[in-house]
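Colleague: To be precise about what I am sending: the file is called coords-v3.tsv and holds TSV, C-alpha atoms.
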chain	number	residue	atom	x	y	z
A	88	MET	CA	57.24	-38.64	121.45
A	89	ILE	CA	55.87	-35.33	120.14
A	90	TYR	CA	58.70	-35.11	117.59
A	91	PHE	CA	57.92	-38.67	116.45
A	92	LEU	CA	54.20	-37.89	116.00
A	93	PHE	CA	55.05	-34.69	114.12
A	94	TRP	CA	57.41	-36.60	111.84
A	95	LYS	CA	54.75	-39.26	111.15
A	96	TYR	CA	52.22	-36.50	110.35
A	97	TYR	CA	54.75	-34.79	108.07
A	98	LEU	CA	55.47	-38.01	106.20
A	99	PHE	CA	51.76	-38.78	105.84
A	100	SER	CA	50.88	-35.30	104.63
A	101	ASN	CA	53.69	-35.38	102.06
A	102	LYS	CA	52.62	-38.84	100.93
A	103	TYR	CA	49.02	-37.65	100.72
A	104	LEU	CA	49.97	-34.55	98.76
A	105	LYS	CA	52.01	-36.66	96.33
A	106	THR	CA	48.93	-38.85	95.85
A	107	ILE	CA	47.14	-35.79	94.53
A	108	SER	CA	49.43	-35.54	91.54
A	109	SER	CA	48.57	-33.83	88.27
A	110	GLY	CA	46.30	-36.65	87.05
A	111	ASN	CA	44.52	-36.79	90.37
A	112	VAL	CA	44.13	-33.01	90.55
A	113	ASN	CA	42.26	-33.30	87.26
A	114	LYS	CA	39.93	-35.82	88.89
A	115	LEU	CA	39.23	-33.42	91.73
A	116	LEU	CA	38.56	-30.69	89.21
A	117	PHE	CA	36.13	-32.86	87.31
A	118	LEU	CA	34.19	-33.31	90.56
A	119	ALA	CA	33.69	-29.57	90.58
A	120	LYS	CA	32.82	-29.47	86.86
A	121	ASP	CA	30.48	-32.48	86.66
A	122	GLU	CA	32.71	-34.15	84.08
A	123	GLU	CA	32.95	-37.92	84.04
A	124	ASN	CA	35.62	-38.23	81.36
A	125	TYR	CA	38.42	-38.99	83.78
A	126	ILE	CA	37.19	-42.28	85.22
A	127	ASN	CA	40.04	-44.77	85.24
A	128	GLU	CA	38.56	-48.20	85.84
A	129	GLU	CA	40.86	-50.88	87.18
A	130	GLU	CA	40.67	-53.97	89.34
A	131	ILE	CA	40.71	-53.03	93.04
A	132	ASN	CA	41.28	-55.39	95.95
A	133	LEU	CA	38.96	-53.91	98.60
A	134	LYS	CA	40.76	-55.59	101.51
A	135	ASP	CA	44.09	-54.04	100.50
A	136	LEU	CA	42.48	-50.65	99.88
A	137	ILE	CA	40.80	-50.58	103.31
A	138	ILE	CA	43.93	-51.75	105.14
A	139	ASN	CA	46.09	-49.10	103.41
A	140	ILE	CA	43.61	-46.31	104.14
A	141	VAL	CA	43.41	-47.28	107.81
A	142	LYS	CA	47.21	-47.53	108.00
A	143	ASP	CA	47.51	-43.98	106.62
A	144	LEU	CA	44.78	-42.60	108.91
A	145	LYS	CA	46.47	-44.17	111.95
A	146	ILE	CA	49.32	-41.74	111.35
A	147	LEU	CA	46.95	-38.79	111.82
A	148	TYR	CA	44.94	-40.50	114.58
A	149	PRO	CA	47.49	-42.72	116.33
A	150	PHE	CA	45.32	-43.37	119.41
A	151	GLN	CA	42.12	-44.15	117.53
A	152	GLU	CA	41.03	-47.79	117.68
A	153	ILE	CA	39.92	-48.96	114.24
A	154	GLU	CA	38.76	-52.56	113.95
A	155	ILE	CA	38.74	-54.18	110.50
A	156	ILE	CA	36.58	-57.27	109.92
A	157	ILE	CA	37.11	-58.93	106.56
A	158	SER	CA	35.87	-62.47	105.97
A	159	GLU	CA	37.45	-62.83	102.54
A	160	GLU	CA	38.98	-60.78	99.75
A	161	TYR	CA	36.79	-59.11	97.16
A	162	THR	CA	37.81	-57.31	94.01
A	163	ILE	CA	35.78	-54.84	92.00
A	164	ILE	CA	36.31	-52.79	88.86
A	165	SER	CA	36.22	-49.08	89.70
A	166	ASP	CA	38.30	-45.91	89.85
A	167	ASN	CA	40.86	-46.45	92.61
A	168	PHE	CA	41.52	-42.75	93.30
A	169	LEU	CA	37.84	-41.81	93.59
A	170	LEU	CA	36.94	-44.86	95.66
A	171	LYS	CA	39.86	-44.12	97.98
A	172	GLN	CA	38.65	-40.51	98.43
A	173	LEU	CA	35.14	-41.75	99.22
A	174	LEU	CA	36.41	-44.20	101.86
A	175	ILE	CA	38.87	-41.74	103.40
A	176	ASN	CA	36.06	-39.18	103.85
A	177	LEU	CA	33.69	-41.70	105.42
A	178	ILE	CA	36.25	-43.37	107.70
A	179	GLU	CA	37.67	-40.01	108.80
A	180	ASN	CA	34.15	-38.78	109.60
A	181	ALA	CA	33.62	-41.87	111.75
A	182	VAL	CA	36.85	-41.07	113.59
A	183	LYS	CA	36.12	-37.33	113.98
A	184	TYR	CA	32.54	-37.75	115.20
A	185	GLY	CA	33.03	-41.07	116.98
A	186	ASN	CA	33.78	-39.62	120.44
A	187	LYS	CA	37.18	-41.37	120.40
A	188	LYS	CA	35.40	-44.71	120.60
A	189	LYS	CA	36.20	-47.72	118.44
A	190	VAL	CA	35.37	-47.47	114.73
A	191	THR	CA	34.58	-50.76	112.98
A	192	ILE	CA	34.93	-51.40	109.26
A	193	ILE	CA	33.31	-54.56	107.88
A	194	LEU	CA	33.81	-55.90	104.36
A	195	LYS	CA	31.26	-58.58	103.47
A	196	LYS	CA	29.07	-59.94	100.73
A	197	ASP	CA	25.33	-60.47	101.01
A	198	LYS	CA	23.47	-59.73	97.79
A	199	ASN	CA	26.19	-57.21	96.96
A	200	ILE	CA	29.69	-56.53	98.19
A	201	THR	CA	29.23	-54.13	101.12
A	202	ILE	CA	31.52	-52.06	103.31
A	203	GLU	CA	30.06	-50.95	106.63
A	204	ILE	CA	31.69	-48.19	108.66
A	205	ILE	CA	30.37	-48.09	112.22
A	206	ASP	CA	31.09	-45.44	114.81
A	207	ARG	CA	29.81	-45.26	118.35
A	208	GLY	CA	29.76	-41.50	118.56
A	209	LYS	CA	27.53	-38.47	118.51
A	210	GLY	CA	25.12	-39.67	115.86
A	211	ILE	CA	22.94	-37.64	113.50
A	212	SER	CA	19.35	-36.68	114.21
A	213	GLU	CA	16.69	-38.31	112.04
A	214	GLU	CA	15.50	-34.98	110.66
A	215	ASN	CA	19.04	-34.11	109.53
A	216	LEU	CA	19.92	-37.42	107.87
A	217	ASN	CA	18.38	-36.37	104.55
A	218	LYS	CA	20.44	-33.11	104.55
A	219	ILE	CA	23.93	-34.43	105.26
A	220	PHE	CA	24.88	-34.83	101.58
A	221	GLU	CA	24.13	-31.16	100.78
A	222	LYS	CA	27.11	-28.89	100.11
A	223	PHE	CA	28.23	-26.89	103.16
A	224	TYR	CA	25.70	-28.62	105.43
A	225	ARG	CA	26.85	-29.20	109.01
A	226	GLU	CA	24.48	-30.50	111.65
A	227	ASN	CA	26.16	-28.57	114.44
A	228	LYS	CA	28.06	-25.64	112.94
A	229	ALA	CA	30.01	-24.80	116.10
A	230	ARG	CA	31.08	-28.40	116.69
A	231	SER	CA	31.97	-28.91	113.04
A	232	ARG	CA	34.04	-25.72	112.92
A	233	GLU	CA	36.02	-26.88	115.96
A	234	GLU	CA	36.72	-30.19	114.23
A	235	GLY	CA	37.74	-28.54	110.95
A	236	SER	CA	34.65	-29.43	108.93
A	237	GLN	CA	33.61	-27.27	106.00
A	238	GLY	CA	30.53	-29.33	105.14
A	239	LEU	CA	31.93	-30.58	101.83
A	240	GLY	CA	33.09	-34.12	102.61
A	241	LEU	CA	29.74	-35.88	102.33
A	242	SER	CA	28.67	-33.92	99.26
A	243	ILE	CA	31.89	-35.10	97.58
A	244	VAL	CA	31.15	-38.65	98.80
A	245	LYS	CA	27.67	-38.49	97.25
A	246	LYS	CA	29.03	-37.20	93.95
A	247	ILE	CA	31.68	-39.92	93.79
A	248	ALA	CA	29.07	-42.57	94.69
A	249	ASN	CA	26.85	-41.37	91.84
A	250	ILE	CA	29.74	-41.40	89.37
A	251	LEU	CA	30.90	-44.87	90.41
A	252	ASN	CA	27.35	-46.26	90.64
A	253	ILE	CA	27.62	-47.06	94.36
A	254	ASN	CA	24.69	-47.03	96.81
A	255	ILE	CA	25.25	-45.40	100.20
A	256	GLU	CA	22.88	-45.73	103.16
A	257	ILE	CA	23.34	-44.11	106.55
A	258	GLU	CA	21.61	-45.16	109.75
A	259	SER	CA	22.16	-43.07	112.85
A	260	LYS	CA	20.87	-42.45	116.34
A	261	ILE	CA	21.85	-39.53	118.57
A	262	GLY	CA	24.19	-40.68	121.34
A	263	ILE	CA	24.57	-44.18	119.85
A	264	GLY	CA	26.42	-43.56	116.61
A	265	SER	CA	26.18	-44.06	112.87
A	266	THR	CA	26.52	-46.89	110.37
A	267	VAL	CA	27.39	-46.11	106.78
A	268	LYS	CA	26.75	-48.87	104.25
A	269	ILE	CA	28.56	-48.70	100.92
A	270	MET	CA	27.03	-51.19	98.49
A	271	PHE	CA	28.66	-52.02	95.19
A	272	LYS	CA	26.20	-52.89	92.45
A	273	LYS	CA	26.78	-56.02	90.42
Show me the file's structure as structure tokens.

Modeller:
Amino acid sequence: MIYFLFWKYYLFSNKYLKTISSGNVNKLLFLAKDEENYINEEEINLKDLIINIVKDLKILYPFQEIEIIISEEYTIISDNFLLKQLLINLIENAVKYGNKKKVTIILKKDKNITIEIIDRGKGISEENLNKIFEKFYRENKARSREEGSQGLGLSIVKKIANILNINIEIESKIGIGSTVKIMFKK
């Protein structure tokens, strides 16, 4: 069993590293340089994207329950690589800080196409909600260090959201969990 899990992790990490090929490395570099010249807009099926991300994350977190609720398929025009990075960061945060409880991902359309990522974990205090997108910010430095956080994930998410013209809202209560809403503008 341990060998099998190691092998799955090895395959995932190699697959993930191959995803960050030369063109994608340039995209990561532009995040650091504030350059927007590398946006590659294409049609993206959000259902397929979410399912593939969850499938990949299940390799790293094989015992994590992740529920996906999708009423119908929606496509958008965006940069697939950047949108994937945004969703991986947010879903992985829900898993890491979700106290090993079920994480729910909902794809729906109200006024806009929206993805909600819901965890039932530790939550974020109200006074810290406005700080979580700052570089190197960690609400609980000791806890974050244990879980491998450097405090960069949400600042990268915010930068990608700004570049792709996506609204992100986070609601959270300590001991109850967090809901992240990703809203695609029309």

Colleague: What does the distance between CA of Tyr125 in chain A and CA of Asn139 in chain A come to in Å, to one decimal place?

Modeller: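 Distance between the two atoms: 23.4 Å.
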
Colleague: How many Å separate CA of Thr191 in chain A from CA of Glu154 in chain A?

Modeller: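 Interatomic distance, CA of Thr191 in chain A to CA of Glu154 in chain A: 4.7 Å.
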
Colleague: Do a neighbour search on range 162-176 of chain A at 7 Å with all atoms listed in the file, toss out local chain neighbours closer than 4 positions, and write the hits as a list in words.

Modeller: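 Counting only the stated atoms, we get Ile126, Asn127, Glu128, Glu129, Glu130, Ile131, Asn132, Leu133, Ile140, Asn180, Gly240, Val244, Ile247 and Leu251 of chain A.
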
Colleague: Around range 256-259 of chain A, with edges along x, y and z and 3 Å added on all six sides, what centre and edge lengths do you get, in Å to one decimal, as AutoDock Vina command-line options?

Modeller:
--center_x 22.5 --center_y -44.4 --center_z 108.0 --size_x 7.7 --size_y 8.7 --size_z 15.7

Colleague: Work out how far CA of Ile146 in chain A is from CA of Gly262 in chain A, in Å to one decimal.

Modeller: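 Computed distance, CA of Gly262 in chain A to CA of Ile146 in chain A, equals 27.1 Å.
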
Colleague: Can you tell me, as an mmCIF file with C-alpha atoms, in the frame of the given file, what residues are no more than 12 Å from Ile156 in chain A when counting only C-alpha atoms, ignoring any on the same chain fewer than 5 positions away?

Modeller:
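That gives us result-v6.cif:
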data_model
loop_
_atom_site.group_PDB
_atom_site.id
_atom_site.type_symbol
_atom_site.label_atom_id
_atom_site.label_comp_id
_atom_site.auth_asym_id
_atom_site.auth_seq_id
_atom_site.Cartn_x
_atom_site.Cartn_y
_atom_site.Cartn_z
ATOM 1 C CA LYS A 134 40.760 -55.590 101.510
ATOM 2 C CA ILE A 137 40.800 -50.580 103.310
ATOM 3 C CA ILE A 138 43.930 -51.750 105.140
ATOM 4 C CA VAL A 190 35.370 -47.470 114.730
ATOM 5 C CA THR A 191 34.580 -50.760 112.980
ATOM 6 C CA ILE A 192 34.930 -51.400 109.260
ATOM 7 C CA ILE A 193 33.310 -54.560 107.880
ATOM 8 C CA LEU A 194 33.810 -55.900 104.360
ATOM 9 C CA LYS A 195 31.260 -58.580 103.470
ATOM 10 C CA THR A 201 29.230 -54.130 101.120
ATOM 11 C CA ILE A 202 31.520 -52.060 103.310
ATOM 12 C CA GLU A 203 30.060 -50.950 106.630
ATOM 13 C CA ILE A 204 31.690 -48.190 108.660
ATOM 14 C CA ILE A 205 30.370 -48.090 112.220
#

Colleague: Since fewer atoms than expected are present, regenerate N, CA, C and O atoms for range 134-150 of chain A and write them as an mmCIF file, keeping the file's coordinate frame.

Modeller:
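Output below, filename out29.cif:
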data_model
loop_
_atom_site.group_PDB
_atom_site.id
_atom_site.type_symbol
_atom_site.label_atom_id
_atom_site.label_comp_id
_atom_site.auth_asym_id
_atom_site.auth_seq_id
_atom_site.Cartn_x
_atom_site.Cartn_y
_atom_site.Cartn_z
ATOM 1 N N LYS A 134 40.060 -55.329 100.241
ATOM 2 C CA LYS A 134 40.760 -55.590 101.510
ATOM 3 C C LYS A 134 42.037 -54.760 101.579
ATOM 4 O O LYS A 134 42.284 -54.066 102.565
ATOM 5 N N ASP A 135 42.839 -54.806 100.523
ATOM 6 C CA ASP A 135 44.090 -54.040 100.500
ATOM 7 C C ASP A 135 43.825 -52.540 100.591
ATOM 8 O O ASP A 135 44.524 -51.820 101.307
ATOM 9 N N LEU A 136 42.807 -52.076 99.865
ATOM 10 C CA LEU A 136 42.480 -50.650 99.880
ATOM 11 C C LEU A 136 42.100 -50.199 101.289
ATOM 12 O O LEU A 136 42.610 -49.187 101.785
ATOM 13 N N ILE A 137 41.232 -50.943 101.955
ATOM 14 C CA ILE A 137 40.800 -50.580 103.310
ATOM 15 C C ILE A 137 41.980 -50.598 104.274
ATOM 16 O O ILE A 137 42.171 -49.654 105.057
ATOM 17 N N ILE A 138 42.783 -51.637 104.226
ATOM 18 C CA ILE A 138 43.930 -51.750 105.140
ATOM 19 C C ILE A 138 44.897 -50.585 104.933
ATOM 20 O O ILE A 138 45.391 -49.983 105.899
ATOM 21 N N ASN A 139 45.165 -50.215 103.684
ATOM 22 C CA ASN A 139 46.090 -49.100 103.410
ATOM 23 C C ASN A 139 45.520 -47.762 103.867
ATOM 24 O O ASN A 139 46.255 -46.919 104.393
ATOM 25 N N ILE A 140 44.226 -47.547 103.673
ATOM 26 C CA ILE A 140 43.610 -46.310 104.140
ATOM 27 C C ILE A 140 43.698 -46.208 105.656
ATOM 28 O O ILE A 140 44.077 -45.167 106.204
ATOM 29 N N VAL A 141 43.366 -47.287 106.342
ATOM 30 C CA VAL A 141 43.410 -47.280 107.810
ATOM 31 C C VAL A 141 44.842 -47.069 108.292
ATOM 32 O O VAL A 141 45.085 -46.300 109.231
ATOM 33 N N LYS A 142 45.792 -47.705 107.635
ATOM 34 C CA LYS A 142 47.210 -47.530 108.000
ATOM 35 C C LYS A 142 47.612 -46.057 107.880
ATOM 36 O O LYS A 142 48.262 -45.501 108.774
ATOM 37 N N ASP A 143 47.201 -45.400 106.798
ATOM 38 C CA ASP A 143 47.510 -43.980 106.620
ATOM 39 C C ASP A 143 46.792 -43.115 107.657
ATOM 40 O O ASP A 143 47.376 -42.179 108.210
ATOM 41 N N LEU A 144 45.528 -43.397 107.930
ATOM 42 C CA LEU A 144 44.780 -42.600 108.910
ATOM 43 C C LEU A 144 45.312 -42.786 110.328
ATOM 44 O O LEU A 144 45.207 -41.873 111.147
ATOM 45 N N LYS A 145 45.894 -43.946 110.614
ATOM 46 C CA LYS A 145 46.470 -44.170 111.950
ATOM 47 C C LYS A 145 47.640 -43.237 112.208
ATOM 48 O O LYS A 145 47.984 -42.967 113.358
ATOM 49 N N ILE A 146 48.244 -42.714 111.170
ATOM 50 C CA ILE A 146 49.320 -41.740 111.350
ATOM 51 C C ILE A 146 48.730 -40.438 111.891
ATOM 52 O O ILE A 146 49.293 -39.824 112.794
ATOM 53 N N LEU A 147 47.590 -40.019 111.347
ATOM 54 C CA LEU A 147 46.950 -38.790 111.820
ATOM 55 C C LEU A 147 46.220 -38.984 113.138
ATOM 56 O O LEU A 147 46.086 -38.046 113.919
ATOM 57 N N TYR A 148 45.717 -40.181 113.365
ATOM 58 C CA TYR A 148 44.940 -40.500 114.580
ATOM 59 C C TYR A 148 45.559 -41.712 115.253
ATOM 60 O O TYR A 148 44.972 -42.793 115.270
ATOM 61 N N PRO A 149 46.760 -41.555 115.824
ATOM 62 C CA PRO A 149 47.490 -42.720 116.330
ATOM 63 C C PRO A 149 46.819 -43.433 117.515
ATOM 64 O O PRO A 149 47.078 -44.609 117.743
ATOM 65 N N PHE A 150 45.941 -42.758 118.236
ATOM 66 C CA PHE A 150 45.320 -43.370 119.410
ATOM 67 C C PHE A 150 43.909 -43.874 119.127
ATOM 68 O O PHE A 150 43.238 -44.391 120.014
#
